[in-house]
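Here is the file entry-v7.pdb (PDB, C-alpha atoms and all ligand atoms).
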```
MODEL        1
ATOM      1  CA  MET A   1     116.485 104.705 101.418
ATOM      2  CA  LEU A   2     113.876 103.206  99.169
ATOM      3  CA  LYS A   3     113.600 103.774  95.457
ATOM      4  CA  LYS A   4     110.303 105.121  94.326
ATOM      5  CA  ILE A   5     107.953 103.385  91.945
ATOM      6  CA  THR A   6     107.592 105.626  88.958
ATOM      7  CA  THR A   7     104.726 103.844  87.329
ATOM      8  CA  VAL A   8     102.148 104.336  90.032
ATOM      9  CA  ALA A   9      99.648 106.219  88.023
ATOM     10  CA  SER A  10      98.183 106.771  84.672
ATOM     11  CA  VAL A  11      97.239 110.114  83.288
ATOM     12  CA  VAL A  12      93.605 110.538  82.481
ATOM     13  CA  LEU A  13      92.871 113.442  80.237
ATOM     14  CA  LEU A  14      89.462 114.684  81.188
ATOM     15  CA  SER A  15      90.344 117.837  79.405
ATOM     16  CA  ALA A  16      93.243 118.762  77.239
ATOM     17  CA  LEU A  17      93.235 122.175  78.815
ATOM     18  CA  THR A  18      94.570 123.284  82.136
ATOM     19  CA  ALA A  19      92.113 123.928  84.921
ATOM     20  CA  CYS A  20      92.970 127.596  84.650
ATOM     21  CA  GLY A  21      91.303 129.077  81.649
ATOM     22  CA  SER A  22      93.132 132.368  81.726
ATOM     23  CA  GLY A  23      96.354 130.860  80.448
ATOM     24  CA  ASP A  24      98.387 133.294  82.507
ATOM     25  CA  GLY A  25     100.896 130.591  83.417
ATOM     26  CA  ALA A  26     103.150 130.794  86.393
ATOM     27  CA  GLY A  27     104.676 134.182  85.933
ATOM     28  CA  THR A  28     108.421 133.822  85.910
ATOM     29  CA  GLY A  29     107.890 130.669  87.932
ATOM     30  CA  SER A  30     111.287 130.536  89.510
ATOM     31  CA  SER A  31     113.469 132.483  91.854
ATOM     32  CA  GLY A  32     116.371 134.598  90.609
ATOM     33  CA  SER A  33     118.675 131.593  90.621
ATOM     34  CA  GLY A  34     116.372 129.744  88.227
ATOM     35  CA  THR A  35     115.541 127.150  90.863
ATOM     36  CA  ILE A  36     111.877 126.232  91.208
ATOM     37  CA  THR A  37     110.599 126.661  94.760
ATOM     38  CA  MET A  38     107.544 124.748  95.959
ATOM     39  CA  GLY A  39     105.545 125.551  99.075
ATOM     40  CA  PHE A  40     103.848 122.337 100.191
ATOM     41  CA  ALA A  41     101.124 122.465 102.868
ATOM     42  CA  GLN A  42     100.713 118.892 104.108
ATOM     43  CA  VAL A  43      97.645 117.651 106.022
ATOM     44  CA  GLY A  44      99.555 116.245 108.986
ATOM     45  CA  ALA A  45     101.177 112.999 110.107
ATOM     46  CA  GLU A  46      97.986 111.148 110.969
ATOM     47  CA  SER A  47      98.609 107.797 109.269
ATOM     48  CA  GLY A  48     101.091 105.420 107.679
ATOM     49  CA  TRP A  49      99.782 106.595 104.307
ATOM     50  CA  ARG A  50     100.626 110.199 105.150
ATOM     51  CA  THR A  51     104.153 109.296 106.284
ATOM     52  CA  ALA A  52     104.801 107.531 102.979
ATOM     53  CA  ASN A  53     103.279 110.431 101.026
ATOM     54  CA  THR A  54     105.454 113.013 102.795
ATOM     55  CA  LYS A  55     108.603 110.977 102.200
ATOM     56  CA  SER A  56     107.735 110.573  98.527
ATOM     57  CA  ILE A  57     107.282 114.336  98.121
ATOM     58  CA  GLN A  58     110.492 115.191  99.953
ATOM     59  CA  ASP A  59     112.577 112.587  98.110
ATOM     60  CA  GLU A  60     111.221 113.458  94.691
ATOM     61  CA  ALA A  61     111.590 117.227  95.184
ATOM     62  CA  LYS A  62     115.244 116.600  95.925
ATOM     63  CA  ALA A  63     115.642 114.316  92.927
ATOM     64  CA  ALA A  64     113.994 116.921  90.662
ATOM     65  CA  GLY A  65     116.134 119.778  91.991
ATOM     66  CA  ILE A  66     113.056 121.587  93.311
ATOM     67  CA  GLU A  67     113.523 123.574  96.516
ATOM     68  CA  LEU A  68     110.819 122.421  98.911
ATOM     69  CA  LYS A  69     109.299 124.470 101.715
ATOM     70  CA  PHE A  70     107.259 121.981 103.721
ATOM     71  CA  SER A  71     104.692 122.480 106.480
ATOM     72  CA  ASP A  72     102.589 120.059 108.554
ATOM     73  CA  ALA A  73      99.115 121.416 109.422
ATOM     74  CA  GLN A  74      98.317 118.813 112.100
ATOM     75  CA  GLN A  75      94.962 118.159 110.415
ATOM     76  CA  LYS A  76      93.809 121.774 110.911
ATOM     77  CA  GLN A  77      92.552 123.872 108.020
ATOM     78  CA  GLU A  78      93.543 127.135 109.682
ATOM     79  CA  ASN A  79      97.164 125.965 109.809
ATOM     80  CA  GLN A  80      97.109 125.091 106.119
ATOM     81  CA  ILE A  81      95.682 128.498 105.247
ATOM     82  CA  LYS A  82      98.435 130.175 107.289
ATOM     83  CA  ALA A  83     101.076 128.112 105.511
ATOM     84  CA  ILE A  84      99.666 128.993 102.084
ATOM     85  CA  ARG A  85      99.655 132.713 102.969
ATOM     86  CA  SER A  86     103.256 132.497 104.060
ATOM     87  CA  TYR A  87     104.202 130.781 100.781
ATOM     88  CA  ILE A  88     102.486 133.619  98.903
ATOM     89  CA  GLN A  89     104.541 136.137 100.880
ATOM     90  CA  GLN A  90     107.708 134.217 100.146
ATOM     91  CA  LYS A  91     106.835 134.340  96.432
ATOM     92  CA  VAL A  92     107.356 130.629  95.815
ATOM     93  CA  SER A  93     107.079 129.396  92.211
ATOM     94  CA  VAL A  94     104.272 126.927  92.965
ATOM     95  CA  ILE A  95     102.020 126.097  95.902
ATOM     96  CA  ALA A  96     100.982 122.458  96.270
ATOM     97  CA  PHE A  97      98.750 121.109  98.995
ATOM     98  CA  SER A  98      96.499 118.328 100.120
ATOM     99  CA  PRO A  99      93.413 120.044 101.527
ATOM    100  CA  VAL A 100      92.461 118.641 104.924
ATOM    101  CA  VAL A 101      88.761 119.338 104.231
ATOM    102  CA  GLU A 102      86.913 120.040 100.973
ATOM    103  CA  THR A 103      85.353 123.443 101.586
ATOM    104  CA  GLY A 104      86.519 126.928 102.577
ATOM    105  CA  TRP A 105      89.459 127.477 100.214
ATOM    106  CA  ASP A 106      88.269 130.124  97.778
ATOM    107  CA  THR A 107      89.579 133.200  99.622
ATOM    108  CA  VAL A 108      93.133 132.022 100.135
ATOM    109  CA  LEU A 109      93.357 130.529  96.658
ATOM    110  CA  GLN A 110      92.155 133.811  95.158
ATOM    111  CA  GLU A 111      95.031 135.472  97.017
ATOM    112  CA  ALA A 112      97.458 133.023  95.382
ATOM    113  CA  LYS A 113      95.894 133.666  91.995
ATOM    114  CA  ARG A 114      96.230 137.429  92.403
ATOM    115  CA  ALA A 115      99.898 136.919  93.278
ATOM    116  CA  ASN A 116     100.198 134.892  90.061
ATOM    117  CA  ILE A 117     101.350 131.774  91.923
ATOM    118  CA  PRO A 118      99.929 128.565  90.439
ATOM    119  CA  VAL A 119      98.369 126.012  92.784
ATOM    120  CA  ILE A 120      98.431 122.239  92.380
ATOM    121  CA  LEU A 121      96.080 120.051  94.418
ATOM    122  CA  THR A 122      97.452 116.680  95.365
ATOM    123  CA  ASP A 123      95.859 113.681  97.106
ATOM    124  CA  ARG A 124      92.636 115.474  98.150
ATOM    125  CA  SER A 125      90.533 117.892  96.161
ATOM    126  CA  ILE A 126      88.443 120.912  97.086
ATOM    127  CA  ASP A 127      84.747 121.600  96.663
ATOM    128  CA  SER A 128      84.638 124.876  94.736
ATOM    129  CA  ASP A 129      82.871 126.022  91.592
ATOM    130  CA  ASP A 130      85.891 128.058  90.575
ATOM    131  CA  THR A 131      88.242 125.656  88.805
ATOM    132  CA  SER A 132      90.511 128.543  87.826
ATOM    133  CA  LEU A 133      91.851 128.470  91.397
ATOM    134  CA  TYR A 134      94.114 125.496  90.669
ATOM    135  CA  LYS A 135      95.967 124.106  87.675
ATOM    136  CA  THR A 136      95.471 120.406  88.214
ATOM    137  CA  PHE A 137      94.431 117.788  90.762
ATOM    138  CA  LEU A 138      96.614 114.689  91.167
ATOM    139  CA  GLY A 139      95.201 111.889  93.302
ATOM    140  CA  SER A 140      92.988 108.850  93.736
ATOM    141  CA  ASP A 141      89.337 108.343  92.895
ATOM    142  CA  PHE A 142      88.006 107.917  96.434
ATOM    143  CA  VAL A 143      84.432 107.104  95.379
ATOM    144  CA  GLU A 144      85.803 104.227  93.322
ATOM    145  CA  GLU A 145      87.760 103.021  96.377
ATOM    146  CA  GLY A 146      84.518 102.966  98.392
ATOM    147  CA  ARG A 147      82.819 101.043  95.592
ATOM    148  CA  LYS A 148      85.570  98.407  95.611
ATOM    149  CA  ALA A 149      85.076  97.928  99.362
ATOM    150  CA  GLY A 150      81.307  97.641  98.864
ATOM    151  CA  ASP A 151      81.666  95.184  95.979
ATOM    152  CA  TRP A 152      83.771  92.880  98.101
ATOM    153  CA  LEU A 153      81.249  92.889 100.913
ATOM    154  CA  VAL A 154      78.315  92.264  98.581
ATOM    155  CA  ALA A 155      80.203  89.285  97.108
ATOM    156  CA  ASN A 156      81.294  87.892 100.474
ATOM    157  CA  ALA A 157      78.458  88.572 102.925
ATOM    158  CA  SER A 158      76.082  85.778 103.766
ATOM    159  CA  GLY A 159      72.830  86.486 105.545
ATOM    160  CA  PRO A 160      71.966  89.581 107.607
ATOM    161  CA  THR A 161      75.154  91.635 108.008
ATOM    162  CA  ASN A 162      75.616  94.500 110.445
ATOM    163  CA  VAL A 163      78.385  96.905 109.467
ATOM    164  CA  VAL A 164      80.026  99.578 111.607
ATOM    165  CA  GLU A 165      81.855 102.295 109.724
ATOM    166  CA  LEU A 166      84.935 104.186 110.894
ATOM    167  CA  GLN A 167      84.941 107.371 108.869
ATOM    168  CA  GLY A 168      87.963 109.473 108.037
ATOM    169  CA  THR A 169      88.333 113.106 109.074
ATOM    170  CA  THR A 170      84.978 114.901 108.953
ATOM    171  CA  GLY A 171      84.662 116.982 105.799
ATOM    172  CA  ALA A 172      87.708 115.419 104.102
ATOM    173  CA  ALA A 173      87.275 114.277 100.504
ATOM    174  CA  PRO A 174      88.352 110.652 101.163
ATOM    175  CA  ALA A 175      85.893 110.364 104.085
ATOM    176  CA  ILE A 176      82.967 111.762 102.096
ATOM    177  CA  ASP A 177      83.721 109.781  98.941
ATOM    178  CA  ARG A 178      84.667 106.435 100.498
ATOM    179  CA  LYS A 179      81.375 106.506 102.396
ATOM    180  CA  LYS A 180      79.447 107.368  99.257
ATOM    181  CA  GLY A 181      80.973 104.671  97.014
ATOM    182  CA  PHE A 182      80.483 101.982  99.676
ATOM    183  CA  GLU A 183      76.847 102.926 100.299
ATOM    184  CA  GLU A 184      76.169 102.908  96.581
ATOM    185  CA  LYS A 185      77.262  99.280  96.282
ATOM    186  CA  ILE A 186      75.719  97.801  99.424
ATOM    187  CA  ALA A 187      72.357  99.392  98.536
ATOM    188  CA  SER A 188      71.829  96.412  96.232
ATOM    189  CA  LYS A 189      71.657  94.020  99.217
ATOM    190  CA  SER A 190      68.946  94.859 101.714
ATOM    191  CA  ASP A 191      70.330  92.567 104.427
ATOM    192  CA  ILE A 192      73.605  94.530 104.637
ATOM    193  CA  LYS A 193      73.077  97.434 107.037
ATOM    194  CA  VAL A 194      75.402 100.136 108.358
ATOM    195  CA  VAL A 195      74.281 100.168 111.994
ATOM    196  CA  ALA A 196      76.750 102.820 113.234
ATOM    197  CA  SER A 197      79.094 105.277 111.543
ATOM    198  CA  GLN A 198      81.444 107.736 113.199
ATOM    199  CA  THR A 199      84.727 109.509 112.543
ATOM    200  CA  GLY A 200      87.996 108.109 113.863
ATOM    201  CA  ASP A 201      89.921 110.979 112.257
ATOM    202  CA  PHE A 202      92.090 108.625 110.158
ATOM    203  CA  THR A 203      94.194 107.761 113.253
ATOM    204  CA  ARG A 204      94.885 104.478 115.012
ATOM    205  CA  SER A 205      93.865 105.854 118.413
ATOM    206  CA  GLY A 206      90.682 107.327 116.925
ATOM    207  CA  GLY A 207      89.763 103.987 115.345
ATOM    208  CA  LYS A 208      90.383 102.162 118.613
ATOM    209  CA  GLN A 209      88.314 104.566 120.687
ATOM    210  CA  VAL A 210      85.329 104.613 118.360
ATOM    211  CA  MET A 211      85.413 100.815 117.995
ATOM    212  CA  GLU A 212      85.423 100.398 121.788
ATOM    213  CA  ALA A 213      82.256 102.508 121.932
ATOM    214  CA  PHE A 214      80.644 100.568 119.070
ATOM    215  CA  LEU A 215      81.393  97.244 120.793
ATOM    216  CA  LYS A 216      79.571  98.501 123.871
ATOM    217  CA  SER A 217      76.588 100.033 122.107
ATOM    218  CA  GLN A 218      75.987  97.523 119.287
ATOM    219  CA  PRO A 219      74.618  94.069 120.157
ATOM    220  CA  LYS A 220      75.707  92.495 116.852
ATOM    221  CA  ILE A 221      78.657  93.617 114.713
ATOM    222  CA  ASP A 222      79.649  91.459 111.731
ATOM    223  CA  VAL A 223      81.865  93.816 109.728
ATOM    224  CA  VAL A 224      84.030  96.903 110.254
ATOM    225  CA  TYR A 225      84.485  99.182 107.260
ATOM    226  CA  ALA A 226      87.369 101.542 108.106
ATOM    227  CA  HIS A 227      88.244 104.378 105.726
ATOM    228  CA  ASN A 228      91.950 103.686 106.293
ATOM    229  CA  ASP A 229      94.296 100.966 107.567
ATOM    230  CA  ASP A 230      95.285 102.856 110.693
ATOM    231  CA  MET A 231      91.710 103.047 112.011
ATOM    232  CA  GLY A 232      91.261  99.373 111.110
ATOM    233  CA  LEU A 233      94.393  98.538 113.107
ATOM    234  CA  GLY A 234      93.006 100.499 116.058
ATOM    235  CA  ALA A 235      89.739  98.570 115.732
ATOM    236  CA  ILE A 236      91.673  95.274 115.851
ATOM    237  CA  GLU A 237      93.058  96.247 119.265
ATOM    238  CA  ALA A 238      89.567  97.074 120.538
ATOM    239  CA  ILE A 239      88.107  93.813 119.180
ATOM    240  CA  LYS A 240      90.857  91.739 120.807
ATOM    241  CA  ALA A 241      90.396  93.557 124.107
ATOM    242  CA  ALA A 242      86.690  92.667 123.948
ATOM    243  CA  GLY A 243      87.635  88.982 123.675
ATOM    244  CA  LYS A 244      86.701  88.597 120.010
ATOM    245  CA  VAL A 245      88.777  87.475 117.044
ATOM    246  CA  PRO A 246      89.375  90.124 114.345
ATOM    247  CA  GLY A 247      89.039  88.753 110.826
ATOM    248  CA  LYS A 248      86.831  85.872 112.076
ATOM    249  CA  ASP A 249      84.198  86.974 114.618
ATOM    250  CA  ILE A 250      84.240  90.417 113.074
ATOM    251  CA  LYS A 251      85.428  90.897 109.482
ATOM    252  CA  ILE A 252      87.427  94.016 108.607
ATOM    253  CA  ILE A 253      87.663  95.973 105.362
ATOM    254  CA  THR A 254      90.082  98.916 105.086
ATOM    255  CA  VAL A 255      91.580 101.313 102.533
ATOM    256  CA  ASP A 256      95.280 102.236 101.866
ATOM    257  CA  ALA A 257      97.374  99.014 101.881
ATOM    258  CA  VAL A 258     100.306 100.395 103.875
ATOM    259  CA  LYS A 259     102.711  97.823 105.283
ATOM    260  CA  ASP A 260     101.111  97.442 108.728
ATOM    261  CA  GLY A 261      97.715  96.984 107.112
ATOM    262  CA  MET A 262      99.073  94.444 104.633
ATOM    263  CA  GLN A 263     100.755  92.542 107.472
ATOM    264  CA  ALA A 264      97.460  92.334 109.374
ATOM    265  CA  LEU A 265      95.741  91.209 106.165
ATOM    266  CA  ALA A 266      98.333  88.478 105.593
ATOM    267  CA  ASN A 267      97.921  87.421 109.257
ATOM    268  CA  GLY A 268      94.169  87.026 108.773
ATOM    269  CA  GLU A 269      93.133  89.901 111.045
ATOM    270  CA  ILE A 270      91.934  92.104 108.176
ATOM    271  CA  ASN A 271      89.872  90.512 105.380
ATOM    272  CA  PHE A 272      90.196  92.897 102.441
ATOM    273  CA  ILE A 273      92.119  96.096 101.618
ATOM    274  CA  VAL A 274      91.464  98.603  98.853
ATOM    275  CA  GLU A 275      94.708 100.162  97.708
ATOM    276  CA  CYS A 276      95.329 103.922  97.795
ATOM    277  CA  ASN A 277      98.761 104.869  96.552
ATOM    278  CA  PRO A 278     100.666 107.564  98.500
ATOM    279  CA  LEU A 279     103.702 107.723  96.188
ATOM    280  CA  LEU A 280     102.611 110.863  94.373
ATOM    281  CA  GLY A 281     105.918 112.750  94.610
ATOM    282  CA  LYS A 282     107.369 111.929  91.198
ATOM    283  CA  GLN A 283     104.225 112.914  89.302
ATOM    284  CA  LEU A 284     103.803 116.030  91.400
ATOM    285  CA  MET A 285     107.299 117.236  90.515
ATOM    286  CA  ASP A 286     106.752 116.457  86.816
ATOM    287  CA  LEU A 287     103.501 118.433  86.821
ATOM    288  CA  THR A 288     105.187 121.280  88.700
ATOM    289  CA  LYS A 289     107.912 121.618  86.075
ATOM    290  CA  LYS A 290     105.315 121.736  83.324
ATOM    291  CA  VAL A 291     103.164 124.290  85.100
ATOM    292  CA  VAL A 292     106.176 126.524  85.775
ATOM    293  CA  ALA A 293     107.192 126.258  82.111
ATOM    294  CA  GLY A 294     103.688 127.442  81.167
ATOM    295  CA  GLU A 295     102.871 124.115  79.513
ATOM    296  CA  GLN A 296      99.357 122.729  79.534
ATOM    297  CA  VAL A 297      98.618 119.985  82.029
ATOM    298  CA  PRO A 298      95.545 117.759  82.359
ATOM    299  CA  GLU A 299      93.045 119.126  84.859
ATOM    300  CA  ARG A 300      92.814 115.709  86.561
ATOM    301  CA  VAL A 301      95.434 112.999  87.009
ATOM    302  CA  VAL A 302      94.013 109.821  88.572
ATOM    303  CA  THR A 303      96.186 107.350  90.466
ATOM    304  CA  GLU A 304      95.954 103.744  89.358
ATOM    305  CA  GLU A 305      95.378 101.231  92.147
ATOM    306  CA  GLY A 306      94.018  97.783  92.972
ATOM    307  CA  THR A 307      92.769  95.670  95.867
ATOM    308  CA  PHE A 308      94.231  92.908  98.071
ATOM    309  CA  THR A 309      92.806  89.707  99.538
ATOM    310  CA  GLN A 310      94.619  87.839 102.331
ATOM    311  CA  GLU A 311      96.362  85.534  99.848
ATOM    312  CA  GLN A 312      97.403  88.434  97.618
ATOM    313  CA  ALA A 313      98.801  90.290 100.642
ATOM    314  CA  LYS A 314     101.080  87.355 101.478
ATOM    315  CA  THR A 315     102.541  87.468  97.963
ATOM    316  CA  ALA A 316     102.820  91.274  97.798
ATOM    317  CA  LEU A 317     104.255  91.932 101.270
ATOM    318  CA  PRO A 318     107.967  91.199 100.586
ATOM    319  CA  GLN A 319     108.046  93.860  97.821
ATOM    320  CA  ARG A 320     105.897  96.413  99.626
ATOM    321  CA  GLN A 321     107.772  99.713  99.867
ATOM    322  CA  TYR A 322     105.689 101.567 102.422
TER     323      TYR A 322
HETATM  324  O1  LIG B   1      93.733 107.204 103.009
HETATM  325  C1  LIG B   1      94.528 108.197 105.013
HETATM  326  C2  LIG B   1      95.162 109.523 105.241
HETATM  327  O2  LIG B   1      93.947 111.518 101.858
HETATM  328  C3  LIG B   1      94.154 109.452 100.744
HETATM  329  O3  LIG B   1      94.514 110.375 104.307
HETATM  330  C4  LIG B   1      94.472 110.225 101.949
HETATM  331  C5  LIG B   1      94.016 109.609 103.254
HETATM  332  C6  LIG B   1      94.524 108.213 103.527
HETATM  333  O4  LIG B   1      95.152 109.932 106.511
HETATM  334  O5  LIG B   1      95.270 107.164 105.580
ENDMDL
END
```
Rewrite the coordinates I just gave you, this time as structure tokens.
Ligand code: GYE
Amino acid sequence: MLKKITTVASVVLLSALTACGSGDGAGTGSSGSGTITMGFAQVGAESGWRTANTKSIQDEAKAAGIELKFSDAQQKQENQIKAIRSYIQQKVSVIAFSPVVETGWDTVLQEAKRANIPVILTDRSIDSDDTSLYKTFLGSDFVEEGRKAGDWLVANASGPTNVVELQGTTGAAPAIDRKKGFEEKIASKSDIKVVASQTGDFTRSGGKQVMEAFLKSQPKIDVVYAHNDDMGLGAIEAIKAAGKVPGKDIKIITVDAVKDGMQALANGEINFIVECNPLLGKQLMDLTKKVVAGEQVPERVVTEEGTFTQEQAKTALPQRQY
């Protein structure tokens, strides 16, 4: 349907070497027919971002002639581990996945390593000391995204400002890092305070529910910082239901910049969005081909992204692809 942007990211070479020091490559790396097979263990279908990410991976696998085995873990680590084990059994050429949470991956990734199947992390990373468990990590700098959100608030807040935070999935890299980067920046202004912070699981319904509770328990809320658009959109519903005006009575900052978020920004209901680009499919397939060919790949590939104000959203919306 839609053509993919191919210039979404820049390659940052933190190291000229692959993350795997052993240099054992991908084995034969392809099935008997010579076709590369990829087992992809997706997080779930929790947000507009995820929908766009899944489509990008499916479209670009097709375009690259890579046979894709795709699974949706419904935001549960145990499901992702099961999917990875089944890909090992099926002897795929490459396993790629977006880890729902940061920790608890070493055992299953050691199994993949023993089977000589290379692993590529995409979108979210893992927290492990053993960098030989994966070849490369392709995705955004989530701490930087949090910093951009914090910078905007520091520049735009006037007087004592009470913030409520809607966190992403507990234990997920983007939830941990977006919180961290934001806190780092607002620390410079003592009158900006996070008065409540809770997970909305990156979903619209989660954001709505948590915001309803915040509106009841917090006497003064000036700003919502939501770790993604979907939770921000859920918060908008809760704010309206409480008889307040989103974007005016309560300002809203989100991350992602998917179409629904950008529309709300252009309409004045969200005040600022930090972009996080989901179109990782093309780069993932390029990296996969290199890894299978035994070529060296950078250990980290960072996605390039910006931010949007309400005026910028109005201009960008007609060309927005997702
Ligand atoms: O921001 C959120 C999704 O991991 C970057 O996951 C991704 C995040 C994205 O559910 O909308």
Using only C-alpha atoms, which residues sit within 9 Å of range 176-178 of chain A once same-chain residues fewer than 2 positions away are excluded, as a PDB file with C-alpha atoms, keeping the file's coordinate frame?
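Saved the output as selection.pdb:
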```pdb
ATOM      1  CA  ASP A 141      89.337 108.343  92.895  1.00  0.00           C
ATOM      2  CA  PHE A 142      88.006 107.917  96.434  1.00  0.00           C
ATOM      3  CA  VAL A 143      84.432 107.104  95.379  1.00  0.00           C
ATOM      4  CA  GLU A 144      85.803 104.227  93.322  1.00  0.00           C
ATOM      5  CA  GLU A 145      87.760 103.021  96.377  1.00  0.00           C
ATOM      6  CA  GLY A 146      84.518 102.966  98.392  1.00  0.00           C
ATOM      7  CA  ARG A 147      82.819 101.043  95.592  1.00  0.00           C
ATOM      8  CA  ALA A 149      85.076  97.928  99.362  1.00  0.00           C
ATOM      9  CA  GLN A 167      84.941 107.371 108.869  1.00  0.00           C
ATOM     10  CA  GLY A 168      87.963 109.473 108.037  1.00  0.00           C
ATOM     11  CA  THR A 169      88.333 113.106 109.074  1.00  0.00           C
ATOM     12  CA  THR A 170      84.978 114.901 108.953  1.00  0.00           C
ATOM     13  CA  GLY A 171      84.662 116.982 105.799  1.00  0.00           C
ATOM     14  CA  ALA A 172      87.708 115.419 104.102  1.00  0.00           C
ATOM     15  CA  ALA A 173      87.275 114.277 100.504  1.00  0.00           C
ATOM     16  CA  PRO A 174      88.352 110.652 101.163  1.00  0.00           C
ATOM     17  CA  LYS A 180      79.447 107.368  99.257  1.00  0.00           C
ATOM     18  CA  GLY A 181      80.973 104.671  97.014  1.00  0.00           C
ATOM     19  CA  PHE A 182      80.483 101.982  99.676  1.00  0.00           C
ATOM     20  CA  GLU A 183      76.847 102.926 100.299  1.00  0.00           C
ATOM     21  CA  HIS A 227      88.244 104.378 105.726  1.00  0.00           C
ATOM     22  CA  VAL A 255      91.580 101.313 102.533  1.00  0.00           C
TER      23      VAL A 255
END
```
Q: List all protein, DNA and RNA residues that have any atom at most 8 Å from ligand LIG 1 (chain B), counting only C-alpha atoms and all ligand atoms, and write the list as number ranges by chain.
A: A: 45-50, 98, 100, 123-124, 139-140, 142, 168-169, 172-174, 201-203, 227-230, 255-256, 276-278
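Residues matched by the PyMOL selection byres (((chain A and resi 198) around 7) and not hetatm) in this file: Glu165, Leu166, Gln167, Ala196, Ser197, Thr199 and Gly200 of chain A.
The residue that comes closest to Lys82 in chain A, out of A:Phe40, A:Gly65, A:Arg114, A:Thr103 and on the basis of all atoms listed in the file, is A:Phe40.
All residues that come within 9 Å of the coordinates (104.9, 113.5, 103.4), counting all atoms listed in the file, are given as Gln42, Val43, Gly44, Ala45, Trp49, Arg50, Thr51, Ala52, Asn53, Thr54, Lys55, Ser56, Ile57, Gln58, Phe70, Asp72, Pro278 and Gly281 of chain A.
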Q) Once the PyMOL selection byres (((chain A and resi 60) around 12) and not hetatm) has been applied to the shown file, what residues remain in the selection, as a PyMOL selection string? A) chain A and resi 2-6+38+53-59+61-68+279-286+288
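Distance-wise, CA of Gln75 in chain A and CA of Pro246 in chain A end up 28.9 Å apart.
The space separating CA of Gln110 in chain A from CA of Leu133 in chain A comes to 6.5 Å.
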Q. Smallest atom-to-atom distance to Val223 in chain A: which of A:Ile239, A:Val291, A:Ile270, A:Ile250, using only C-alpha atoms?
A. A:Ile250
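For the pair CA of Lys76 in chain A and CA of Ile126 in chain A, the separation is 14.9 Å.
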Enclose all atoms of range 234-253 of chain A listed in the file in an axis-aligned box, grow every side by 8 Å, and hand back centre and edge lengths in Å to one decimal, as AutoDock Vina command-line options.
```
--center_x 88.6 --center_y 93.2 --center_z 114.7 --size_x 24.9 --size_y 30.6 --size_z 34.7
```
Q.
Which residues would end up in the selection if the PyMOL selection byres (((chain A and resi 269) around 9) and not hetatm) were applied here, given that I need the answer as a ChimeraX atom specification?
A. /A:233,236,245-248,251-252,263-268,270-271
Q | Non-local contacts of Thr161 in chain A (12 Å; all atoms listed in the file; under 2 positions in same chain excluded) as a VMD selection string | A | chain A and resid 153 to 154 156 to 159 163 to 164 186 189 to 195 220 to 224 250 to 251
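The closest residue to Gln310 in chain A, picked from A:Val119, A:Val258, A:Leu138, A:Ile273 and counting all atoms listed in the file, is A:Ile273.
When all atoms listed in the file are used to measure the gap to Glu237 in chain A, the shortest distance among A:Lys314, A:Arg204, A:Lys148, A:Lys185 belongs to A:Arg204.
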**Q.** Residue nearest Ile88 in chain A - candidates A:Gly207, A:Gly39, A:Gly104, A:Gly294, atoms counted: all atoms listed in the file
**A.** A:Gly39
